[in-house]
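I have placed the structure first, in the form of structure tokens, so that the comments after it can refer back to it.
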Amino acid sequence: MAAAAVPGAGRERRAAAWGWGGRPCSGNILDQLRQGQVTGQGLARGAQITEAFLKERDKQAKWNGIPLLLQKLYVNSQPNSDFSKCQSILKEISPLLSMEAMVFVTEERKFSQESTFPNTYTFDLFGGVDLLVEILMRPTLTTQKKKQKISDDLTKDCLSILYNTCICTDGVTKRLAERNDFVLFLFTLMTNRKTFLQTATLIEDILGVKKEMIRLEDIPNLATLVSSFDQQQLANFCRILAVTISELDTGSDDKHTLLAKNAHQKKNLGPTCAEINQATLLNIPGFIERLCKLATRKVSESTGTSSFLQELEEWYTWLDNALVLDALMRVANEEPEHSSPDSSDESGVANTSSRTQLPQSMKIMHEIMYKLEVLYVLCVLLMGRQRNQVHKMIAEFKLIPGLNNLFDKLIWRKHSTSTLVLHGHNQNCDCSPDITLKIQFLRLLQSFSDHHENKYLLLNSQELNELSAISLKANIPEVDAVVNTDRSLVCDGKRGLLTRLLQVMKKEPTESSFRFWQARAVESFLRGATSYADQMFLLKRGLLEHILYCIVDSECKSRDVLQSYFDLLGELMKFNIDAFKRFNKYINTDEKFQVFLNQINSSLVDSNMLVRCITLSLDRFESQSDMKVVHVLSECRLLSYMYQMNNRTTFLFRLINIIHVQTLTQENVSCLNTSLVILMLARRKDKLPGYLNALQKMEYDEKYPGFILNNFHSLLRFWQQHYLHKDKDSTCLENVGVRGSPEGSSCISFTYWKETVSILLSPDRTSPCALVSYIEEPYMDIDRNFTEE
């Protein structure tokens, strides 16, 4: 970055070295400018070069007069200068850069080369970026009592040119991101409605590359700023908030090893910047209430036509949204042919001869894009440290009933024959606003339902009564959360949100990308203490048969979808004899059962939670004398298969063999916990030595004695360190039904988990339950250290 980004900084030194009218020494002028910008010494901006020299080289170098214009801009932007002249100069520069920016966002480019965009590159090279920053910030930096006022139009031009340069020239955005004073200053410009959109888009771009996350509490008068936003501005502001409340993206969370995460947590014990920012937002009066209103308002309640058309006009010149606008305008051109005078608020508006009437499909797309940002912010907050506080507020402000009312006509609306597709994407691309809204909606439902009693707000009053009737018929107590649910906050209408989701889930095409998210959302409703009534509510609606169809008959190949189906199936069937009876009725041939087993065995990382469920259920059923249970035990192929010890030991062997301490992640650590479940149940029946003997024999059969048991010993040592660490949040041990949680919904106390692990790790070679008793001395390798780095 140039040394003179702040007015006056280093200017006298450079003047002495060069002289404002002096000619630079010989050599490549571009190399000298680059070097000066990097070091802050010597030639750092075009204003230091003589006008004669610039004119002489301009045509040959194809600079298009940009250095000369910047020199004029520099002269006319000094303190006490007439800023009106600056605007006329920028009007000459702007078209040169905007054309390149338009190419950038509309052409598919594989490489970012400076030569591709010579104008923006030249503009930055000759100090244009730093000069515009100086101009924008001058009123805040001057010590004069009467501060210079910069017009709204000049501010907009500066912001637009800065953004165009950022997207076309490498390094500019990162340089701006390094200037915290400038980033915080930009937020002050958001108070002006005329410059809001340009400011918001530039801030979003800058924060996206900033190495250190900005602290929202550092923004001057944040609460006042947010309260000044109208709903349209607040929705756009959520795009910025998304960057500030999400943990910095360091790759897929599941791909980070638990060793690395543990080491990181030891070094960073306090709340993260993202968590601090989340708390800051929740302290803004009325913030969550306004987000809930934005998320649930109908299209007919959205911003008036005139203000939206004004925004579209700005989007046309604001290139970040050019692709969106292009798609919207194409839909708008088609709309008159399809509009119906009898359409409802959500599906159409009356035709009118007025040219200012906004086509309904454009209004819908506008609302979809707003809801995307709002739902994302709410989703992140629901997963944060203040989850219970957020839950209470969004329940009070009726987010769930509001989304239920929008489900058919906006969230899961039927598409016309001309489905909206953004430039460069296809109909199944997750970048499509329609598709992204659906996924964000499903993620919100997943976060909302997961281990929280408010999940019953997804039902309507009739469906809650149905849950009560199921409990009464089964002669079991009602779940307290059902009894305590505030009926005034639940869904209204004929169907609740969960039922609507089940309906679209069953109709989803085999290749649909929504299947994974739909299954995750429904599974989250079942997570927690196993509820027979919840399971039966879903079983009565054909969910089990739908899942089995997808796994067996459609022979799903997607690992992500298969994992979500296996996890959901496990929660749906756990301890439920009726579910196993239904399973056996659907999987009614050996051929079908073999396909099902093949799917399970294709990836135990994906299916191990189902294996855990079957093992736990079998153990419970074996202790019951009910004739119905006895009959299902004797008839069900799945339970009969798991009943055989050799099948359980085979699963145990494979579960231990596919994981190692160095490769454990939040995703595959469930394999370790499932293997422990098998052994804990064996210990209850005094059969633990038999399983350890079987593992030893399988090692010898594989001609590799000790490799499984040594690995298991290391895994259990890690288990102790990971789950018993004094800094570990104890809630991770209490969560039920989660892949990374040991206790799961196993109904096994955590004390028993700890005892079992300690017994297995006992150094006493005479103990029949200690791993070391089954590893011969020559093959012993239990003291190996595993690194956390």
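As shown in the structure tokens, the chain order sets the letters A, B, ...; within each chain, residues go from 1, and ligands are also counted from 1 in the order they appear.
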Enumerate, in order of chain and increasing residue number, the residues of region 145-243 of chain A with an atom no farther than 10 Å from region 371-383 of chain A, each with its shortest atom pair and distance in Å to one decimal, counting only C-alpha atoms, as CSV.
```
residue,atom,partner,partner_atom,distance
A:Leu234,CA,A:Val374,CA,8.8
A:Ala235,CA,A:Val374,CA,6.2
A:Asn236,CA,A:Glu373,CA,7.4
A:Phe237,CA,A:Glu373,CA,8.6
A:Cys238,CA,A:Glu373,CA,5.5
A:Arg239,CA,A:Glu373,CA,5.7
A:Ile240,CA,A:Glu373,CA,9.2
A:Leu241,CA,A:Val377,CA,7.2
A:Ala242,CA,A:Val377,CA,5.9
A:Val243,CA,A:Val377,CA,9.6
```
Next item on the list: Would you mind listing what lies within 12 Å of region 216-230 of chain A as a ChimeraX atom specification, with only C-alpha atoms counted and same-chain residues fewer than 2 positions away left out?
Entry: /A:180-193,196-197,207,213-214,232-238,240-245,273-291,294,302-303,307
Check: Which distance in Å separates CA of Thr140 (chain A) and CA of Leu176 (chain A), to one decimal?
Finding: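 It comes out at 17.3 Å.
Proximity to region 545-558 of chain A at 8 Å, evaluated using only C-alpha atoms and with sequence-adjacent residues fewer than 4 positions away removed, yields Lys506, Thr510, Leu562, Tyr565, Leu569, Arg582, Phe583, Tyr586, Lys592, Val595, Phe596 and Gln599 of chain A.
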Notebook entry, point to check: Which residue gives the smallest distance to Trp412 (chain A) among A:Val390, A:Asn454, A:Arg500, A:Val482, with only C-alpha atoms counted?
Noted result: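 Residue with the minimum atom-to-atom distance to Trp412 (chain A): A:Arg500.
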Note to self: Let's see if you can do this: from backbone DSSP, list all helix (DSSP H, G or I) residues in region 196-257 of chain A, as a PyMOL selection string.
What the structure shows: chain A and resi 196-209+216-218+222-228+231-245+253-255
Next item on the list: Give me, please, the distance in Å between CA of Met645 (chain A) and CA of Ala682 (chain A), quoted to one decimal.
Entry: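 Separation of CA of Met645 (chain A) and CA of Ala682 (chain A): 10.1 Å.
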Next item on the list: Find the spatial neighbours of Asn405 (chain A), counting only C-alpha atoms, within a cut-off of 9 Å - ignore same-chain residues fewer than 5 positions away - and output them as a list in words.
Entry: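 Here the answer would be Thr296, Lys298, Ile400, Cys491, Asp492, Gly493 and Leu497 of chain A.
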